[in-house]
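Have a look at structure32.cif below; it lists mmCIF, C-alpha atoms.
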```cif
data_data
loop_
_atom_site.label_atom_id
_atom_site.label_comp_id
_atom_site.auth_asym_id
_atom_site.auth_seq_id
_atom_site.Cartn_x
_atom_site.Cartn_y
_atom_site.Cartn_z
CA MET A 112 36.16 -4.40 -47.77
CA THR A 113 36.04 -3.20 -51.36
CA LYS A 114 37.71 -0.36 -53.20
CA GLN A 115 34.27 1.06 -53.81
CA GLN A 116 34.09 2.06 -50.17
CA SER A 117 34.54 5.77 -49.66
CA VAL A 118 37.44 7.33 -47.78
CA LYS A 119 34.99 8.32 -45.06
CA GLU A 120 33.75 4.74 -44.68
CA ILE A 121 37.29 3.40 -44.49
CA THR A 122 38.26 6.04 -41.94
CA GLN A 123 35.33 4.96 -39.78
CA LEU A 124 36.34 1.30 -40.11
CA LEU A 125 39.88 2.14 -38.96
CA LEU A 126 38.44 3.73 -35.84
CA THR A 127 36.83 0.42 -34.87
CA ASP A 128 40.23 -1.32 -34.51
CA MET A 129 38.62 -4.47 -35.89
CA LEU A 130 40.29 -4.82 -39.29
CA SER A 131 42.22 -7.97 -40.08
CA GLU A 132 45.83 -8.00 -41.29
CA GLU A 133 44.58 -8.91 -44.76
CA GLN A 134 42.25 -5.90 -44.80
CA LEU A 135 45.04 -3.61 -43.64
CA GLN A 136 47.29 -4.92 -46.42
CA LEU A 137 44.60 -4.03 -48.93
CA LEU A 138 44.51 -0.51 -47.54
CA HIS A 139 48.27 -0.22 -47.94
CA MET A 140 47.76 -0.86 -51.65
CA ASP A 141 44.92 1.67 -51.96
CA GLU A 142 46.38 4.63 -53.86
CA ARG A 143 43.86 7.20 -52.69
CA LYS A 144 45.57 9.94 -50.69
CA GLY A 145 42.72 10.12 -48.16
CA VAL A 146 42.99 6.41 -47.45
CA GLN A 147 46.74 6.62 -46.92
CA THR A 148 46.32 9.60 -44.58
CA ALA A 149 43.72 7.72 -42.53
CA LEU A 150 45.94 4.63 -42.47
CA LYS A 151 48.94 6.61 -41.22
CA LYS A 152 46.84 8.08 -38.39
CA TYR A 153 45.61 4.60 -37.52
CA LEU A 154 49.12 3.15 -37.40
CA LYS A 155 50.40 6.05 -35.31
CA ARG A 156 47.53 5.61 -32.86
CA LYS A 157 48.21 1.86 -32.60
CA GLU A 158 51.91 2.50 -32.01
CA LYS A 159 51.11 4.97 -29.24
CA ALA A 160 48.71 2.51 -27.62
CA GLN A 161 51.40 -0.18 -27.72
CA GLN A 162 53.91 2.18 -26.10
CA LEU A 163 51.47 2.99 -23.29
CA GLU A 164 50.73 -0.69 -22.75
CA THR A 165 54.45 -1.49 -22.56
CA GLN A 166 55.02 1.38 -20.14
CA PHE A 167 52.12 0.28 -17.94
CA TYR A 168 53.36 -3.29 -17.55
CA ARG A 169 56.89 -2.05 -16.90
CA MET A 170 55.50 0.10 -14.07
CA LEU A 171 53.64 -2.91 -12.68
CA GLN A 172 56.84 -4.77 -11.76
CA TYR A 173 56.95 -3.71 -8.10
CA GLU A 174 53.32 -4.66 -7.55
CA GLN A 175 53.77 -8.01 -9.27
CA LYS A 176 56.86 -8.77 -7.19
CA ALA A 177 54.89 -8.07 -4.01
CA TYR A 178 51.99 -10.28 -5.17
CA GLN A 179 54.41 -13.10 -5.92
CA GLN A 180 55.69 -12.79 -2.35
CA GLY A 181 52.17 -13.33 -1.03
CA LYS A 182 51.23 -9.69 -0.45
CA ASN A 183 47.63 -8.92 -1.32
CA ILE A 184 47.03 -5.32 -0.22
CA VAL A 185 49.82 -3.34 -1.89
CA VAL A 186 49.67 0.38 -1.15
CA GLY A 187 51.16 3.19 -3.22
CA VAL A 188 52.14 6.30 -1.22
CA ASP A 189 53.25 9.70 -2.47
CA GLU A 190 53.07 13.36 -1.50
CA VAL A 191 52.73 16.74 -3.16
CA GLY A 192 53.68 20.14 -1.84
CA ARG A 193 57.11 20.00 -0.29
CA GLY A 194 58.46 23.03 -2.13
CA PRO A 195 55.70 25.69 -2.11
CA LEU A 196 55.82 28.82 0.04
CA ALA A 197 52.16 28.44 0.97
CA GLY A 198 49.57 25.77 1.64
CA PRO A 199 49.74 22.26 3.09
CA VAL A 200 51.70 19.18 2.16
CA VAL A 201 49.27 16.52 0.94
CA ALA A 202 49.93 12.78 0.80
CA ALA A 203 47.81 10.04 -0.72
CA ALA A 204 47.76 6.29 -0.16
CA VAL A 205 45.95 4.04 -2.62
CA VAL A 206 45.28 0.36 -3.22
CA LEU A 207 44.56 -0.58 -6.83
CA ASP A 208 42.69 -3.65 -7.98
CA LYS A 209 45.06 -6.41 -9.10
CA ASP A 210 43.43 -6.45 -12.53
CA VAL A 211 43.52 -2.69 -13.03
CA TYR A 212 44.61 -1.41 -16.43
CA LEU A 213 45.45 2.27 -16.65
CA PRO A 214 47.55 2.86 -19.78
CA GLY A 215 49.18 6.27 -19.74
CA ILE A 216 49.36 6.58 -15.96
CA ASN A 217 52.57 8.28 -14.88
CA ASP A 218 54.11 10.79 -12.51
CA SER A 219 51.48 13.50 -12.04
CA LYS A 220 54.05 16.22 -12.80
CA GLN A 221 54.43 14.85 -16.32
CA MET A 222 50.73 15.11 -17.11
CA SER A 223 48.52 17.93 -18.24
CA ARG A 224 45.90 19.15 -15.78
CA ALA A 225 43.13 17.65 -17.91
CA LYS A 226 44.80 14.22 -17.98
CA ARG A 227 45.49 14.32 -14.22
CA GLU A 228 41.88 15.15 -13.49
CA SER A 229 40.68 12.39 -15.81
CA PHE A 230 42.83 9.83 -14.00
CA TYR A 231 41.73 11.26 -10.65
CA GLU A 232 38.11 10.52 -11.56
CA GLN A 233 39.01 6.99 -12.62
CA LEU A 234 41.03 6.34 -9.48
CA THR A 235 38.46 7.67 -7.03
CA THR A 236 35.80 5.43 -8.55
CA SER A 237 37.84 2.28 -9.23
CA ALA A 238 40.45 2.07 -6.44
CA VAL A 239 39.95 -0.59 -3.78
CA THR A 240 40.61 2.12 -1.18
CA TYR A 241 42.39 5.44 -0.98
CA SER A 242 43.02 8.07 1.66
CA PHE A 243 44.67 11.46 2.12
CA GLY A 244 46.96 12.88 4.76
CA ILE A 245 47.15 16.66 5.09
CA VAL A 246 49.59 18.67 7.22
CA ASP A 247 49.06 22.43 7.22
CA ASN A 248 51.61 25.20 6.94
CA GLN A 249 51.63 25.92 10.67
CA MET A 250 52.65 22.36 11.50
CA ILE A 251 55.21 22.45 8.69
CA ASP A 252 56.77 25.50 10.38
CA GLN A 253 56.86 23.66 13.69
CA ILE A 254 58.33 20.30 12.67
CA ASN A 255 59.97 21.03 9.24
CA ILE A 256 58.83 19.93 5.83
CA TYR A 257 60.47 16.50 5.87
CA GLN A 258 58.82 15.49 9.14
CA ALA A 259 55.55 16.98 7.88
CA THR A 260 55.81 14.83 4.76
CA ILE A 261 56.28 11.69 6.84
CA ARG A 262 53.34 12.66 9.05
CA ALA A 263 51.09 13.24 6.04
CA MET A 264 52.06 9.89 4.52
CA LYS A 265 51.39 8.05 7.77
CA GLN A 266 48.00 9.76 8.07
CA ALA A 267 47.13 8.66 4.54
CA VAL A 268 48.10 5.04 5.23
CA ALA A 269 46.19 5.04 8.54
CA GLY A 270 43.05 6.24 6.75
CA LEU A 271 42.78 3.24 4.42
CA THR A 272 39.85 0.91 4.90
CA HIS A 273 42.02 -2.17 4.19
CA GLN A 274 44.97 -3.28 6.30
CA PRO A 275 48.14 -2.95 4.18
CA ASP A 276 50.43 -5.87 3.46
CA HIS A 277 53.12 -3.86 1.71
CA LEU A 278 53.90 -0.19 1.04
CA LEU A 279 55.48 1.23 -2.12
CA VAL A 280 56.62 4.73 -1.19
CA ASP A 281 58.10 7.48 -3.31
CA ALA A 282 61.61 8.01 -1.88
CA VAL A 283 60.57 8.28 1.80
CA ASP A 284 61.45 5.66 4.43
CA LEU A 285 58.34 4.47 6.28
CA SER A 286 59.98 1.32 7.62
CA ASP A 287 58.89 2.11 11.19
CA LEU A 288 55.31 1.21 10.29
CA PRO A 289 54.14 -2.37 10.98
CA TYR A 290 54.14 -3.31 7.29
CA SER A 291 56.86 -4.26 4.86
CA SER A 292 57.78 -1.34 2.62
CA GLU A 293 60.03 -0.12 -0.17
CA ALA A 294 61.25 3.44 -0.64
CA ILE A 295 61.66 3.82 -4.41
CA ILE A 296 63.58 6.75 -5.87
CA LYS A 297 61.41 8.39 -8.56
CA GLY A 298 58.79 5.83 -7.64
CA ASP A 299 56.03 7.86 -9.31
CA GLN A 300 57.70 7.01 -12.63
CA LYS A 301 58.33 3.35 -11.79
CA SER A 302 55.24 2.06 -9.97
CA ILE A 303 51.60 2.36 -11.02
CA SER A 304 50.50 2.48 -7.38
CA ILE A 305 52.84 5.35 -6.52
CA ALA A 306 51.91 7.15 -9.75
CA ALA A 307 48.24 6.79 -8.78
CA ALA A 308 48.98 8.21 -5.33
CA SER A 309 50.84 11.14 -6.88
CA ILE A 310 47.84 11.96 -9.08
CA LEU A 311 45.41 11.77 -6.18
CA ALA A 312 47.61 13.98 -3.99
CA LYS A 313 48.30 16.49 -6.75
CA VAL A 314 44.68 17.03 -7.75
CA LYS A 315 43.56 17.15 -4.11
CA ARG A 316 46.15 19.80 -3.26
CA ASP A 317 45.51 21.81 -6.43
CA ASN A 318 41.82 21.94 -5.51
CA MET A 319 42.69 23.13 -2.01
CA MET A 320 44.91 25.87 -3.43
CA ALA A 321 42.13 26.90 -5.81
CA GLU A 322 39.90 27.37 -2.76
CA LEU A 323 42.59 29.53 -1.13
CA HIS A 324 42.69 31.56 -4.34
CA GLN A 325 39.07 32.53 -3.75
CA MET A 326 40.11 34.03 -0.42
CA TYR A 327 43.37 35.60 -1.61
CA PRO A 328 43.14 36.09 -5.38
CA GLN A 329 46.08 38.51 -5.52
CA TYR A 330 48.57 35.67 -4.94
CA GLY A 331 47.48 33.54 -7.91
CA PHE A 332 47.27 30.31 -5.93
CA ASP A 333 45.06 28.76 -8.61
CA GLN A 334 47.98 29.02 -11.04
CA ASN A 335 51.14 28.74 -8.93
CA GLN A 336 49.76 26.35 -6.24
CA GLY A 337 51.79 28.29 -3.68
CA TYR A 338 55.15 27.89 -5.39
CA GLY A 339 57.51 30.87 -5.42
CA THR A 340 56.86 32.18 -8.89
CA LYS A 341 57.82 35.71 -9.89
CA THR A 342 54.24 36.96 -9.61
CA HIS A 343 53.74 35.21 -6.26
CA LEU A 344 56.90 36.77 -4.83
CA ALA A 345 55.81 40.17 -6.13
CA ALA A 346 52.44 39.74 -4.39
CA ILE A 347 54.19 38.90 -1.11
CA THR A 348 56.29 42.05 -1.43
CA LYS A 349 53.21 44.14 -2.12
CA TYR A 350 50.62 42.59 0.21
CA GLY A 351 52.64 40.66 2.78
CA ILE A 352 51.91 37.05 3.71
CA THR A 353 48.66 35.23 4.40
CA PRO A 354 47.91 32.91 7.33
CA TYR A 355 48.59 30.07 4.88
CA HIS A 356 52.20 30.99 4.06
CA ARG A 357 55.07 28.93 5.49
CA GLN A 358 57.01 31.36 7.63
CA SER A 359 59.97 28.98 8.01
CA PHE A 360 60.59 29.01 4.24
CA ALA A 361 62.97 31.40 2.48
CA PRO A 362 62.45 34.08 1.26
CA ILE A 363 59.58 34.55 3.75
CA LYS A 364 61.80 33.61 6.68
CA THR A 365 63.81 36.57 7.94
#
```
Would you mind writing the structure in this file as structure tokens?
Amino acid sequence: MTKQQSVKEITQLLLTDMLSEEQLQLLHMDERKGVQTALKKYLKRKEKAQQLETQFYRMLQYEQKAYQQGKNIVVGVDEVGRGPLAGPVVAAAVVLDKDVYLPGINDSKQMSRAKRESFYEQLTTSAVTYSFGIVDNQMIDQINIYQATIRAMKQAVAGLTHQPDHLLVDAVDLSDLPYSSEAIIKGDQKSISIAAASILAKVKRDNMMAELHQMYPQYGFDQNQGYGTKTHLAAITKYGITPYHRQSFAPIKT
């Protein structure tokens, strides 16, 4: 690297992530404003990548503990849709490859839609196996949302193509299944497998609600996913409920 290189050339070199420490030190001494701006962006990007790597390996601790105990098929389980006034509750169960590396994976609620969908594509193509469990609003009204959540999770686990050795579950006790399991509070923020399940369930349910929006556009299901937003409640007042609303939920329940 020489000082005769243009700012544009140096910026392109920084994007390769292949500069040595000596070369970076030379850039620190380069007085050109454009070089310093490019260097600051590079360092910020590297710091962010390091933070995501640290977070990923911290969220791998439950999986690693299970592997050390001789478990091979470790399943992450989570659900989406307990709180909405309409639509199903959807659970996902997923087995990730032991060597998977997904920096940035997290609780689906903390991600943008674009990032969730990007991870969804990665997970559906790279996971060892995954499955969904879906319990509709009518069954939710019959057995209550907690029991519906358990049913959806059990359906998801039963649909896997590999026999589980261990379940990592977001906050719900599934200890009556014939596998060892852990119910982890805020598990979608602590385990990569549960985070992966939360993303799969969230995108799956969002897509289902988008389909319902095509049938009932006045309720805005593509935006509120069935939750009781101000506009959704106003639509219920004006148009009444659909066959997909949960009649056991306040304020629908009378």
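The two atoms in question, CA of Phe167 in chain A and CA of Pro214 in chain A, are spaced 5.6 Å apart.
Among A:Ala361, A:Val206, A:Ala294, A:Ala269, the residue with the shortest atom-to-atom distance to Val239 in chain A, counting all atoms listed in the file, is A:Val206.
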Spatial neighbours of range 243-256 of chain A, 7 Å, only C-alpha atoms, chain gap at least 4 places, as a PyMOL selection string: chain A and resi 193+197-204+260+263-264+266-267+355-359
Convert the current residue selection to file output with C-alpha atoms, as a CSV table (one decimal), keeping the file's coordinate frame.
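Listed below is the output, part_7.csv:
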```csv
chain,number,residue,atom,x,y,z
A,193,ARG,CA,57.1,20.0,-0.3
A,197,ALA,CA,52.2,28.4,1.0
A,198,GLY,CA,49.6,25.8,1.6
A,199,PRO,CA,49.7,22.3,3.1
A,200,VAL,CA,51.7,19.2,2.2
A,201,VAL,CA,49.3,16.5,0.9
A,202,ALA,CA,49.9,12.8,0.8
A,203,ALA,CA,47.8,10.0,-0.7
A,204,ALA,CA,47.8,6.3,-0.2
A,260,THR,CA,55.8,14.8,4.8
A,263,ALA,CA,51.1,13.2,6.0
A,264,MET,CA,52.1,9.9,4.5
A,266,GLN,CA,48.0,9.8,8.1
A,267,ALA,CA,47.1,8.7,4.5
A,355,TYR,CA,48.6,30.1,4.9
A,356,HIS,CA,52.2,31.0,4.1
A,357,ARG,CA,55.1,28.9,5.5
A,358,GLN,CA,57.0,31.4,7.6
A,359,SER,CA,60.0,29.0,8.0
```
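Closest approach to Glu174 in chain A among A:Gly298, A:Tyr257, A:Arg227, A:Lys159 is made by A:Gly298 (distances from all atoms listed in the file).
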Answer key for the PyMOL selection byres ((chain A and resi 296) around 10), residues as a list in words: Val280, Asp281, Ala282, Val283, Glu293, Ala294, Ile295, Lys297, Gly298, Asp299, Gln300 and Lys301 of chain A
Here is a test: counting only C-alpha atoms, which residue of A:Gly270, A:Pro275, A:Gly215, A:Pro362 is nearest to Tyr338 in chain A? A:Pro362
Step by step, work through what the PyMOL selection byres ((chain A and resi 219-224) around 6) selects in the shown file, and finish by giving those residues as JSON, numbers by chain. {"A": [218, 225, 226, 227, 309, 310]}
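Interatomic distance, CA of Lys119 in chain A to CA of Lys151 in chain A: 14.6 Å.
CA of Leu213 in chain A to CA of His273 in chain A spans 21.6 Å [interatomic distance, one decimal].
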Spatial neighbours of Tyr212 in chain A, 12 Å, only C-alpha atoms, chain gap at least 3 places, as a ChimeraX atom specification: /A:163-168,170-171,207-209,215-216,230,233-234,237-238,303-304,307
Please expand the PyMOL selection byres ((chain A and resi 336) around 8) into the concrete residues it hits in this file, giving the result as JSON, numbers by chain. {"A": [195, 197, 198, 317, 320, 321, 331, 332, 333, 334, 335, 337, 338]}
Could you add the missing atoms to range 332-358 of chain A, up to N, CA, C and O atoms, and return them as a PDB file, keeping the file's coordinate frame?
```
ATOM      1  N   PHE A 332      47.106  31.683  -6.383  1.00  0.00           N
ATOM      2  CA  PHE A 332      47.270  30.310  -5.930  1.00  0.00           C
ATOM      3  C   PHE A 332      46.663  29.284  -6.878  1.00  0.00           C
ATOM      4  O   PHE A 332      47.072  28.127  -6.893  1.00  0.00           O
ATOM      5  N   ASP A 333      45.678  29.686  -7.665  1.00  0.00           N
ATOM      6  CA  ASP A 333      45.060  28.760  -8.610  1.00  0.00           C
ATOM      7  C   ASP A 333      46.001  28.417  -9.761  1.00  0.00           C
ATOM      8  O   ASP A 333      45.812  27.409 -10.451  1.00  0.00           O
ATOM      9  N   GLN A 334      47.023  29.250  -9.971  1.00  0.00           N
ATOM     10  CA  GLN A 334      47.980  29.020 -11.040  1.00  0.00           C
ATOM     11  C   GLN A 334      49.331  28.532 -10.532  1.00  0.00           C
ATOM     12  O   GLN A 334      49.946  27.650 -11.122  1.00  0.00           O
ATOM     13  N   ASN A 335      49.801  29.111  -9.419  1.00  0.00           N
ATOM     14  CA  ASN A 335      51.140  28.740  -8.930  1.00  0.00           C
ATOM     15  C   ASN A 335      51.118  27.693  -7.819  1.00  0.00           C
ATOM     16  O   ASN A 335      52.171  27.198  -7.411  1.00  0.00           O
ATOM     17  N   GLN A 336      49.921  27.351  -7.302  1.00  0.00           N
ATOM     18  CA  GLN A 336      49.760  26.350  -6.240  1.00  0.00           C
ATOM     19  C   GLN A 336      50.647  26.636  -5.021  1.00  0.00           C
ATOM     20  O   GLN A 336      51.017  25.734  -4.274  1.00  0.00           O
ATOM     21  N   GLY A 337      50.997  27.905  -4.843  1.00  0.00           N
ATOM     22  CA  GLY A 337      51.790  28.290  -3.680  1.00  0.00           C
ATOM     23  C   GLY A 337      53.286  28.304  -3.913  1.00  0.00           C
ATOM     24  O   GLY A 337      54.050  28.698  -3.022  1.00  0.00           O
ATOM     25  N   TYR A 338      53.723  27.880  -5.098  1.00  0.00           N
ATOM     26  CA  TYR A 338      55.150  27.890  -5.390  1.00  0.00           C
ATOM     27  C   TYR A 338      55.648  29.339  -5.577  1.00  0.00           C
ATOM     28  O   TYR A 338      54.865  30.240  -5.890  1.00  0.00           O
ATOM     29  N   GLY A 339      56.938  29.527  -5.403  1.00  0.00           N
ATOM     30  CA  GLY A 339      57.510  30.870  -5.420  1.00  0.00           C
ATOM     31  C   GLY A 339      57.770  31.419  -6.801  1.00  0.00           C
ATOM     32  O   GLY A 339      58.922  31.723  -7.150  1.00  0.00           O
ATOM     33  N   THR A 340      56.723  31.580  -7.570  1.00  0.00           N
ATOM     34  CA  THR A 340      56.860  32.180  -8.890  1.00  0.00           C
ATOM     35  C   THR A 340      57.130  33.677  -8.779  1.00  0.00           C
ATOM     36  O   THR A 340      56.963  34.278  -7.704  1.00  0.00           O
ATOM     37  N   LYS A 341      57.519  34.277  -9.874  1.00  0.00           N
ATOM     38  CA  LYS A 341      57.820  35.710  -9.890  1.00  0.00           C
ATOM     39  C   LYS A 341      56.618  36.532  -9.445  1.00  0.00           C
ATOM     40  O   LYS A 341      56.741  37.458  -8.628  1.00  0.00           O
ATOM     41  N   THR A 342      55.441  36.197  -9.968  1.00  0.00           N
ATOM     42  CA  THR A 342      54.240  36.960  -9.610  1.00  0.00           C
ATOM     43  C   THR A 342      53.838  36.723  -8.156  1.00  0.00           C
ATOM     44  O   THR A 342      53.356  37.636  -7.490  1.00  0.00           O
ATOM     45  N   HIS A 343      54.046  35.501  -7.658  1.00  0.00           N
ATOM     46  CA  HIS A 343      53.740  35.210  -6.260  1.00  0.00           C
ATOM     47  C   HIS A 343      54.660  36.007  -5.343  1.00  0.00           C
ATOM     48  O   HIS A 343      54.209  36.618  -4.363  1.00  0.00           O
ATOM     49  N   LEU A 344      55.940  36.020  -5.651  1.00  0.00           N
ATOM     50  CA  LEU A 344      56.900  36.770  -4.830  1.00  0.00           C
ATOM     51  C   LEU A 344      56.592  38.265  -4.859  1.00  0.00           C
ATOM     52  O   LEU A 344      56.700  38.958  -3.838  1.00  0.00           O
ATOM     53  N   ALA A 345      56.173  38.750  -6.018  1.00  0.00           N
ATOM     54  CA  ALA A 345      55.810  40.170  -6.130  1.00  0.00           C
ATOM     55  C   ALA A 345      54.597  40.485  -5.270  1.00  0.00           C
ATOM     56  O   ALA A 345      54.518  41.550  -4.634  1.00  0.00           O
ATOM     57  N   ALA A 346      53.640  39.536  -5.215  1.00  0.00           N
ATOM     58  CA  ALA A 346      52.440  39.740  -4.390  1.00  0.00           C
ATOM     59  C   ALA A 346      52.807  39.751  -2.906  1.00  0.00           C
ATOM     60  O   ALA A 346      52.244  40.536  -2.130  1.00  0.00           O
ATOM     61  N   ILE A 347      53.744  38.898  -2.512  1.00  0.00           N
ATOM     62  CA  ILE A 347      54.190  38.900  -1.110  1.00  0.00           C
ATOM     63  C   ILE A 347      54.826  40.235  -0.754  1.00  0.00           C
ATOM     64  O   ILE A 347      54.575  40.806   0.319  1.00  0.00           O
ATOM     65  N   THR A 348      55.643  40.743  -1.666  1.00  0.00           N
ATOM     66  CA  THR A 348      56.290  42.050  -1.430  1.00  0.00           C
ATOM     67  C   THR A 348      55.255  43.149  -1.291  1.00  0.00           C
ATOM     68  O   THR A 348      55.375  44.035  -0.430  1.00  0.00           O
ATOM     69  N   LYS A 349      54.209  43.084  -2.104  1.00  0.00           N
ATOM     70  CA  LYS A 349      53.210  44.140  -2.120  1.00  0.00           C
ATOM     71  C   LYS A 349      52.183  44.006  -0.993  1.00  0.00           C
ATOM     72  O   LYS A 349      51.826  44.997  -0.336  1.00  0.00           O
ATOM     73  N   TYR A 350      51.733  42.794  -0.729  1.00  0.00           N
ATOM     74  CA  TYR A 350      50.620  42.590   0.210  1.00  0.00           C
ATOM     75  C   TYR A 350      51.022  41.923   1.522  1.00  0.00           C
ATOM     76  O   TYR A 350      50.211  41.849   2.448  1.00  0.00           O
ATOM     77  N   GLY A 351      52.252  41.423   1.603  1.00  0.00           N
ATOM     78  CA  GLY A 351      52.640  40.660   2.780  1.00  0.00           C
ATOM     79  C   GLY A 351      52.209  39.210   2.656  1.00  0.00           C
ATOM     80  O   GLY A 351      51.807  38.756   1.576  1.00  0.00           O
ATOM     81  N   ILE A 352      52.256  38.467   3.754  1.00  0.00           N
ATOM     82  CA  ILE A 352      51.910  37.050   3.710  1.00  0.00           C
ATOM     83  C   ILE A 352      50.512  36.805   4.259  1.00  0.00           C
ATOM     84  O   ILE A 352      49.961  37.633   4.979  1.00  0.00           O
ATOM     85  N   THR A 353      49.971  35.651   3.908  1.00  0.00           N
ATOM     86  CA  THR A 353      48.660  35.230   4.400  1.00  0.00           C
ATOM     87  C   THR A 353      48.859  34.282   5.580  1.00  0.00           C
ATOM     88  O   THR A 353      49.973  33.826   5.850  1.00  0.00           O
ATOM     89  N   PRO A 354      47.791  33.921   6.264  1.00  0.00           N
ATOM     90  CA  PRO A 354      47.910  32.910   7.330  1.00  0.00           C
ATOM     91  C   PRO A 354      48.288  31.525   6.799  1.00  0.00           C
ATOM     92  O   PRO A 354      48.552  30.622   7.595  1.00  0.00           O
ATOM     93  N   TYR A 355      48.309  31.362   5.473  1.00  0.00           N
ATOM     94  CA  TYR A 355      48.590  30.070   4.880  1.00  0.00           C
ATOM     95  C   TYR A 355      50.009  29.977   4.327  1.00  0.00           C
ATOM     96  O   TYR A 355      50.389  28.947   3.763  1.00  0.00           O
ATOM     97  N   HIS A 356      50.810  31.034   4.499  1.00  0.00           N
ATOM     98  CA  HIS A 356      52.200  30.990   4.060  1.00  0.00           C
ATOM     99  C   HIS A 356      53.073  30.289   5.102  1.00  0.00           C
ATOM    100  O   HIS A 356      52.792  30.342   6.303  1.00  0.00           O
ATOM    101  N   ARG A 357      54.130  29.631   4.624  1.00  0.00           N
ATOM    102  CA  ARG A 357      55.070  28.930   5.490  1.00  0.00           C
ATOM    103  C   ARG A 357      56.163  29.911   5.933  1.00  0.00           C
ATOM    104  O   ARG A 357      57.046  30.264   5.150  1.00  0.00           O
ATOM    105  N   GLN A 358      56.106  30.315   7.151  1.00  0.00           N
ATOM    106  CA  GLN A 358      57.010  31.360   7.630  1.00  0.00           C
ATOM    107  C   GLN A 358      58.433  30.848   7.870  1.00  0.00           C
ATOM    108  O   GLN A 358      59.352  31.644   8.053  1.00  0.00           O
TER     109      GLN A 358
END
```
